[in-house]
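Quick look at run_34.cif (mmCIF, C-alpha atoms):
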data_my_file
#
loop_
_atom_site.label_atom_id
_atom_site.label_comp_id
_atom_site.auth_asym_id
_atom_site.auth_seq_id
_atom_site.Cartn_x
_atom_site.Cartn_y
_atom_site.Cartn_z
CA MET J 1 -53.78 -89.87 -29.90
CA ARG J 2 -55.69 -87.15 -28.08
CA GLU J 3 -54.59 -83.57 -28.58
CA GLU J 4 -53.48 -83.17 -24.96
CA GLU J 5 -51.02 -86.04 -25.32
CA THR J 6 -49.09 -84.56 -28.22
CA GLU J 7 -46.57 -82.62 -26.14
CA GLN J 8 -43.84 -84.51 -24.35
CA THR J 9 -41.67 -83.25 -21.53
CA ILE J 10 -37.90 -83.37 -22.01
CA LEU J 11 -36.38 -84.05 -18.62
CA PRO J 12 -33.31 -82.06 -17.60
CA SER J 13 -30.14 -84.04 -17.97
CA ASN J 14 -28.03 -82.17 -15.46
CA SER J 15 -28.40 -84.78 -12.75
CA SER J 16 -27.45 -88.43 -12.62
CA ASP J 17 -29.97 -89.23 -9.88
CA GLY J 18 -33.74 -88.86 -9.94
CA TYR J 19 -33.96 -85.29 -8.64
CA ARG J 20 -35.53 -82.82 -11.08
CA GLU J 21 -36.52 -79.15 -11.11
CA PHE J 22 -38.97 -77.67 -13.60
CA ARG J 23 -39.10 -73.88 -13.76
CA GLY J 24 -42.35 -72.60 -15.18
CA ARG J 25 -41.06 -69.25 -16.40
CA ASP J 26 -38.15 -70.84 -18.27
CA LYS J 27 -40.33 -73.54 -19.79
CA PHE J 28 -43.29 -71.33 -20.74
CA PRO J 29 -42.25 -67.69 -21.33
CA SER J 30 -45.26 -65.42 -21.82
CA THR J 31 -46.33 -61.82 -22.31
CA THR J 32 -48.06 -59.86 -19.54
CA LEU J 33 -51.25 -59.38 -21.55
CA LEU J 34 -51.68 -63.07 -22.37
CA THR J 35 -50.90 -64.06 -18.79
CA ILE J 36 -53.47 -61.68 -17.28
CA LEU J 37 -56.05 -62.93 -19.80
CA ALA J 38 -55.36 -66.56 -18.90
CA LEU J 39 -55.57 -65.96 -15.14
CA SER J 40 -58.76 -63.92 -15.48
CA ILE J 41 -60.44 -66.70 -17.44
CA TRP J 42 -59.23 -69.36 -14.99
CA LEU J 43 -59.86 -67.64 -11.66
CA GLY J 44 -62.36 -64.91 -12.45
CA ALA J 45 -65.48 -67.07 -12.75
CA ILE J 46 -66.38 -66.84 -9.04
CA HIS J 47 -66.17 -63.04 -9.06
CA PHE J 48 -67.98 -62.88 -12.41
CA ASN J 49 -70.88 -64.99 -11.12
CA ALA J 50 -71.16 -62.85 -7.97
CA PHE J 51 -71.13 -59.66 -10.04
CA LEU J 52 -73.75 -61.05 -12.45
CA VAL J 53 -76.11 -62.05 -9.64
CA LEU J 54 -75.78 -58.76 -7.74
CA PHE J 55 -76.10 -56.65 -10.91
CA SER J 56 -79.21 -58.55 -11.93
CA LEU J 57 -80.84 -58.21 -8.51
CA PHE J 58 -80.19 -54.49 -8.12
CA PHE J 59 -80.20 -53.08 -11.65
CA LEU J 60 -82.33 -55.27 -13.93
CA PRO J 61 -86.12 -55.65 -14.04
CA LEU J 62 -87.53 -58.87 -12.67
CA SER J 63 -88.12 -60.40 -16.11
CA LYS J 64 -84.50 -59.95 -17.17
CA THR J 65 -83.25 -61.08 -13.78
CA LEU J 66 -85.16 -64.34 -14.20
CA VAL J 67 -83.63 -64.78 -17.66
CA VAL J 68 -80.13 -64.33 -16.22
CA PHE J 69 -80.82 -66.81 -13.42
CA GLY J 70 -82.26 -69.27 -15.95
CA LEU J 71 -79.11 -69.05 -18.07
CA LEU J 72 -76.94 -69.56 -14.99
CA LEU J 73 -79.00 -72.65 -14.15
CA VAL J 74 -78.42 -74.01 -17.65
CA PHE J 75 -74.66 -73.49 -17.30
CA MET J 76 -74.82 -75.23 -13.91
CA LEU J 77 -76.39 -78.39 -15.33
CA ILE J 78 -75.39 -78.67 -18.98
CA PRO J 79 -73.13 -81.71 -19.59
CA ILE J 80 -69.45 -81.02 -20.25
CA ASP J 81 -67.11 -83.00 -22.47
CA PRO J 82 -63.85 -83.09 -20.45
CA TYR J 83 -61.86 -83.76 -23.62
CA ASN J 84 -63.43 -81.07 -25.78
CA LYS J 85 -60.70 -80.04 -28.23
CA TYR J 86 -61.18 -76.31 -27.79
CA GLY J 87 -61.64 -76.57 -24.03
CA ARG J 88 -58.40 -78.48 -23.69
CA ARG J 89 -56.54 -75.97 -25.85
CA LEU J 90 -57.83 -73.17 -23.65
CA SER J 91 -56.77 -75.12 -20.56
CA ARG J 92 -53.27 -75.71 -21.91
CA PHE J 93 -53.04 -71.97 -22.58
CA ILE J 94 -54.04 -71.32 -18.95
CA CYS J 95 -51.63 -73.89 -17.47
CA LYS J 96 -48.60 -72.56 -19.30
CA ARG J 97 -49.30 -68.89 -18.49
CA ALA J 98 -50.02 -69.69 -14.84
CA CYS J 99 -46.71 -71.55 -14.44
CA SER J 100 -44.90 -68.56 -15.94
CA TYR J 101 -46.77 -65.86 -14.01
CA PHE J 102 -46.06 -66.58 -10.34
CA PRO J 103 -43.75 -68.34 -11.32
CA VAL J 104 -44.32 -71.97 -10.35
CA THR J 105 -41.32 -74.22 -9.80
CA LEU J 106 -41.79 -77.98 -9.44
CA TYR J 107 -39.24 -80.03 -7.47
CA VAL J 108 -39.44 -83.82 -7.82
CA GLU J 109 -37.23 -85.69 -5.37
CA ASP J 110 -37.11 -88.84 -7.50
CA ILE J 111 -38.56 -88.62 -11.00
CA ASN J 112 -37.42 -92.19 -11.67
CA ALA J 113 -39.86 -93.47 -9.06
CA PHE J 114 -42.80 -92.49 -11.27
CA HIS J 115 -43.83 -94.76 -14.11
CA PRO J 116 -46.33 -93.89 -16.88
CA ASP J 117 -48.21 -97.17 -16.52
CA GLN J 118 -48.68 -96.84 -12.74
CA ALA J 119 -51.40 -94.91 -10.89
CA TYR J 120 -50.49 -92.87 -7.79
CA VAL J 121 -52.40 -91.14 -5.00
CA PHE J 122 -51.00 -87.65 -4.40
CA GLY J 123 -51.78 -86.02 -1.06
CA TYR J 124 -51.37 -82.30 -1.82
CA GLU J 125 -51.08 -79.65 0.89
CA PRO J 126 -52.03 -76.98 1.77
CA HIS J 127 -55.48 -76.06 0.47
CA SER J 128 -55.08 -72.30 1.03
CA VAL J 129 -57.76 -70.11 -0.57
CA LEU J 130 -57.47 -72.17 -3.75
CA PRO J 131 -54.93 -74.99 -4.32
CA ILE J 132 -53.64 -73.31 -7.45
CA GLY J 133 -50.20 -74.91 -7.29
CA VAL J 134 -51.63 -78.21 -8.56
CA VAL J 135 -51.27 -76.69 -12.03
CA ALA J 136 -47.63 -77.83 -11.86
CA LEU J 137 -48.81 -81.45 -11.70
CA ALA J 138 -51.45 -81.23 -14.43
CA ASP J 139 -51.11 -83.43 -17.50
CA LEU J 140 -51.39 -80.34 -19.68
CA THR J 141 -48.28 -78.86 -18.08
CA GLY J 142 -46.36 -82.01 -18.84
CA PHE J 143 -43.75 -81.87 -16.08
CA MET J 144 -44.63 -85.25 -14.56
CA PRO J 145 -44.16 -88.43 -16.65
CA LEU J 146 -47.77 -89.46 -15.99
CA PRO J 147 -50.15 -89.23 -18.97
CA LYS J 148 -53.32 -89.78 -16.93
CA ILE J 149 -53.82 -87.41 -13.97
CA LYS J 150 -56.97 -86.05 -12.36
CA VAL J 151 -57.34 -83.50 -9.57
CA LEU J 152 -60.21 -84.12 -7.16
CA ALA J 153 -61.95 -80.93 -6.03
CA SER J 154 -65.00 -79.87 -4.05
CA SER J 155 -68.27 -80.88 -5.69
CA ALA J 156 -69.46 -77.28 -5.29
CA ILE J 157 -67.09 -76.21 -8.09
CA PHE J 158 -68.97 -78.41 -10.53
CA TYR J 159 -72.22 -76.57 -9.86
CA THR J 160 -70.67 -73.15 -10.40
CA PRO J 161 -71.44 -71.72 -13.87
CA PHE J 162 -68.43 -71.15 -16.13
CA LEU J 163 -65.99 -72.22 -13.41
CA ARG J 164 -67.07 -75.86 -13.83
CA HIS J 165 -66.28 -75.75 -17.54
CA ILE J 166 -62.76 -74.37 -17.13
CA TRP J 167 -61.82 -76.62 -14.24
CA THR J 168 -63.22 -79.74 -15.91
CA TRP J 169 -61.13 -79.05 -19.03
CA LEU J 170 -58.13 -78.51 -16.74
CA GLY J 171 -58.51 -82.10 -15.54
CA LEU J 172 -60.51 -81.72 -12.33
CA ALA J 173 -63.28 -84.04 -11.14
CA PRO J 174 -65.66 -83.97 -8.14
CA ALA J 175 -64.07 -85.31 -4.95
CA THR J 176 -66.45 -88.19 -4.30
CA LYS J 177 -65.49 -91.69 -3.24
CA LYS J 178 -67.13 -93.09 -6.38
CA ASN J 179 -65.07 -90.82 -8.65
CA PHE J 180 -61.90 -91.51 -6.69
CA THR J 181 -62.16 -95.29 -6.92
CA SER J 182 -63.36 -95.36 -10.53
CA LEU J 183 -60.56 -93.07 -11.71
CA LEU J 184 -57.93 -95.17 -9.95
CA ALA J 185 -59.44 -98.31 -11.47
CA ALA J 186 -59.15 -96.69 -14.90
CA GLY J 187 -55.44 -96.09 -14.35
CA TYR J 188 -55.57 -92.40 -13.46
CA SER J 189 -53.31 -90.92 -10.81
CA CYS J 190 -55.39 -88.77 -8.46
CA ILE J 191 -54.36 -85.57 -6.70
CA LEU J 192 -56.40 -84.61 -3.67
CA VAL J 193 -56.22 -82.19 -0.77
CA PRO J 194 -57.02 -84.40 2.24
CA GLY J 195 -58.00 -81.48 4.50
CA GLY J 196 -60.68 -80.21 2.13
CA VAL J 197 -63.35 -77.85 3.47
CA GLN J 198 -62.24 -78.01 7.10
CA GLU J 199 -58.67 -77.15 6.21
CA ALA J 200 -59.78 -73.93 4.54
CA PHE J 201 -61.80 -73.17 7.67
CA HIS J 202 -58.69 -73.48 9.86
CA MET J 203 -56.43 -71.29 7.69
CA GLU J 204 -54.29 -68.75 9.53
CA HIS J 205 -52.25 -65.79 8.36
CA GLY J 206 -48.50 -66.30 8.73
CA ALA J 207 -48.55 -70.09 9.13
CA GLU J 208 -49.50 -73.20 7.21
CA THR J 209 -52.27 -75.29 8.71
CA VAL J 210 -53.22 -78.69 7.34
CA PHE J 211 -56.22 -80.68 8.57
CA LEU J 212 -54.87 -84.19 8.29
CA ARG J 213 -54.90 -86.11 11.57
CA THR J 214 -58.37 -87.60 11.07
CA ARG J 215 -58.34 -87.80 7.25
CA ARG J 216 -57.67 -91.47 6.54
CA GLY J 217 -60.06 -92.30 3.71
CA PHE J 218 -57.56 -91.63 0.94
CA VAL J 219 -55.01 -93.82 2.72
CA ARG J 220 -57.48 -96.70 2.98
CA THR J 221 -58.33 -96.45 -0.71
CA ALA J 222 -54.65 -96.47 -1.67
CA MET J 223 -54.06 -99.54 0.53
CA GLU J 224 -57.05 -101.38 -0.92
CA ARG J 225 -55.60 -100.99 -4.42
CA GLY J 226 -51.93 -101.24 -3.48
CA LEU J 227 -51.14 -97.84 -4.98
CA PRO J 228 -48.24 -95.62 -3.85
CA LEU J 229 -48.98 -92.57 -1.71
CA VAL J 230 -47.12 -89.40 -2.65
CA PRO J 231 -46.72 -86.41 -0.27
CA VAL J 232 -46.76 -83.00 -1.98
CA PHE J 233 -46.33 -79.55 -0.43
CA CYS J 234 -46.70 -76.16 -2.11
CA PHE J 235 -44.77 -73.26 -0.56
CA GLY J 236 -45.97 -69.74 -1.29
CA GLN J 237 -49.49 -70.65 -2.35
CA SER J 238 -51.02 -69.07 0.74
CA ASN J 239 -49.53 -65.67 -0.20
CA ILE J 240 -51.06 -65.19 -3.65
CA TYR J 241 -54.36 -63.82 -2.31
CA LYS J 242 -55.43 -61.52 0.50
CA TRP J 243 -58.35 -63.07 2.32
CA TRP J 244 -60.83 -62.82 5.18
CA LYS J 245 -63.25 -65.37 6.54
CA PRO J 246 -65.73 -65.55 9.41
CA SER J 247 -65.20 -67.96 12.27
CA GLY J 248 -67.30 -70.04 14.60
CA LYS J 249 -69.17 -73.34 14.63
CA LEU J 250 -72.09 -72.09 12.54
CA TYR J 251 -69.72 -71.06 9.75
CA LEU J 252 -68.04 -74.47 9.86
CA GLU J 253 -71.35 -76.35 9.71
CA PHE J 254 -72.52 -74.16 6.82
CA SER J 255 -69.27 -74.87 4.96
CA ARG J 256 -69.70 -78.60 5.47
CA ALA J 257 -73.29 -78.46 4.23
CA ILE J 258 -72.42 -76.74 0.95
CA LYS J 259 -69.09 -78.64 0.58
CA PHE J 260 -67.27 -75.34 0.16
CA THR J 261 -65.74 -72.76 2.50
CA PRO J 262 -67.00 -69.26 1.62
CA ILE J 263 -64.02 -66.93 1.83
CA PHE J 264 -63.69 -63.30 0.80
CA PHE J 265 -60.51 -63.14 -1.24
CA TRP J 266 -58.96 -60.72 -3.66
CA GLY J 267 -55.83 -60.19 -5.70
CA ILE J 268 -54.27 -57.27 -7.57
CA PHE J 269 -56.42 -54.11 -7.27
CA GLY J 270 -59.21 -56.17 -5.70
CA SER J 271 -59.49 -58.36 -8.81
CA PRO J 272 -59.43 -62.18 -9.06
CA VAL J 273 -55.93 -61.96 -10.60
CA PRO J 274 -53.61 -63.26 -7.83
CA TYR J 275 -50.51 -61.51 -6.60
CA GLN J 276 -47.32 -62.48 -8.37
CA HIS J 277 -45.70 -64.52 -5.63
CA PRO J 278 -43.42 -67.49 -6.39
CA MET J 279 -44.83 -70.92 -5.68
CA HIS J 280 -42.63 -73.94 -5.03
CA VAL J 281 -44.31 -77.33 -5.39
CA VAL J 282 -42.26 -80.16 -3.86
CA VAL J 283 -43.10 -83.78 -4.70
CA GLY J 284 -41.76 -86.34 -2.25
CA LYS J 285 -40.82 -89.94 -2.93
CA PRO J 286 -43.75 -92.35 -3.28
CA ILE J 287 -44.62 -94.46 -0.26
CA VAL J 288 -44.97 -97.96 -1.74
CA LEU J 289 -47.87 -99.96 -0.31
CA LYS J 290 -48.77 -103.61 -0.61
CA LYS J 291 -52.30 -104.37 -1.74
CA THR J 292 -54.55 -104.92 1.27
CA PRO J 293 -58.18 -105.43 0.13
CA GLN J 294 -59.60 -105.13 3.65
CA PRO J 295 -57.15 -103.21 5.85
CA THR J 296 -57.84 -103.00 9.56
CA MET J 297 -58.11 -99.68 11.40
CA GLU J 298 -54.69 -100.31 12.92
CA GLU J 299 -53.13 -100.92 9.52
CA VAL J 300 -54.71 -97.77 8.08
CA SER J 301 -53.55 -95.73 11.08
CA GLU J 302 -50.00 -97.00 10.69
CA VAL J 303 -49.79 -96.04 7.00
CA HIS J 304 -51.55 -92.73 7.67
CA SER J 305 -48.95 -91.89 10.33
CA GLN J 306 -46.23 -92.76 7.85
CA PHE J 307 -47.74 -90.34 5.33
CA VAL J 308 -48.04 -87.54 7.91
CA ARG J 309 -44.39 -88.00 8.90
CA ALA J 310 -43.33 -87.98 5.25
CA LEU J 311 -45.23 -84.73 4.66
CA GLU J 312 -43.68 -83.11 7.75
CA ASP J 313 -40.20 -84.21 6.66
CA LEU J 314 -40.81 -82.91 3.14
CA PHE J 315 -41.83 -79.54 4.58
CA GLU J 316 -38.88 -79.24 6.96
CA ARG J 317 -36.30 -80.40 4.41
CA ASN J 318 -37.33 -77.89 1.78
CA LYS J 319 -38.68 -74.77 3.50
CA ALA J 320 -35.33 -72.98 3.85
CA ARG J 321 -34.23 -73.87 0.34
CA VAL J 322 -37.29 -72.24 -1.22
CA GLY J 323 -37.17 -69.08 0.92
CA HIS J 324 -39.53 -69.94 3.81
CA ALA J 325 -37.07 -70.81 6.56
CA ASP J 326 -39.24 -69.34 9.37
CA LEU J 327 -42.54 -70.84 8.20
CA GLN J 328 -44.27 -73.13 10.70
CA LEU J 329 -46.47 -76.10 9.84
CA LYS J 330 -49.45 -76.97 12.03
CA ILE J 331 -51.06 -80.37 11.54
CA LEU J 332 -54.52 -80.65 13.06
#

Would you mind giving the structure from this file in structure tokens?
Amino acid sequence: MREEETEQTILPSNSSDGYREFRGRDKFPSTTLLTILALSIWLGAIHFNAFLVLFSLFFLPLSKTLVVFGLLLVFMLIPIDPYNKYGRRLSRFICKRACSYFPVTLYVEDINAFHPDQAYVFGYEPHSVLPIGVVALADLTGFMPLPKIKVLASSAIFYTPFLRHIWTWLGLAPATKKNFTSLLAAGYSCILVPGGVQEAFHMEHGAETVFLRTRRGFVRTAMERGLPLVPVFCFGQSNIYKWWKPSGKLYLEFSRAIKFTPIFFWGIFGSPVPYQHPMHVVVGKPIVLKKTPQPTMEEVSEVHSQFVRALEDLFERNKARVGHADLQLKIL
């Protein structure tokens, strides 16, 4: 048995139906120092890389600058063992402290609908600056009864020194069609943010915007394999960072080209440590699909519309209960 499978979640027994709540702070109490350390390791790599590059360019001689860039290149390309014992221990440390810090609360509308031997396709919204709330669904957190889960993320992350190591150990994989289909075939449930790069481009202050109307690829893949689609929405995630981004077509095309949306973001005292704002991750009931090896466009559109409606309903049903009664959802 792998080390990450040794912890089992004990489900609350205060409900006779399938509804469950998992409160991160109650499950994983932590000290302030350990929590700040965990978040800095997890989320500080982008800022650290930027600092290292700028410091090298402006303050080091050319020879040492080239050495720094060479080391960064090595860390960009060196193979990573996703099940490295020490990496997974570090990742479990990060998951637990993150759930306690904000805190993160996971709401599952029907835990009995999820079976350990079944793979699922989770459509997670919104993207925000970073979709940090997915930590509640990670296998290392252990809230969901699914032993094999992967989060699909922008390929750009996996070419970012240091960040790629941490996020790989956390259970992330590049969001390519090949990875998606191969992971599902291997029995992994996959969590993805359908809006991706363009959704981050359309972010607005004071509202939630999801770029979903034309994103049908994940629906087609789920139909081809007959796997359930699961709508997920995270409330409060868009408030954990202050941010600014440019606008315009050129910026959008640049973001598409690099498979990443460059955003200036900052947390407490301008650091990468996010603000301590509660996050509420709500998991809807799975949409059961029959296996359709070659679905038509009409069939895909019908199931896609069903998923969009389910996500909207999930948002409207839960926003007041988690303290966001006035929040508006825009689906583009």

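Between CA of Val210 (chain J) and CA of Pro126 (chain J) the separation is 5.9 Å.
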
Reference answer for the PyMOL selection byres ((chain J and resi 207) around 7), as number ranges by chain = J: 204-206, 208-209, 327-329

key: Point-to-point distance in Å for CA of Arg20 (chain J) and CA of Ile287 (chain J)   = 18.3 Å

Result set of the PyMOL selection byres ((chain J and resi 299-307) around 9) on the coordinates above, as JSON, numbers by chain = {"J": [123, 213, 215, 216, 217, 219, 220, 223, 229, 230, 231, 287, 289, 295, 296, 297, 298, 308, 309, 310, 311, 312]}

task = Have a look at J:Leu71, J:Val193, J:Leu227, J:Ala320 and name the one nearest to Ala119 (chain J); count all atoms listed in the file.
result = J:Leu227
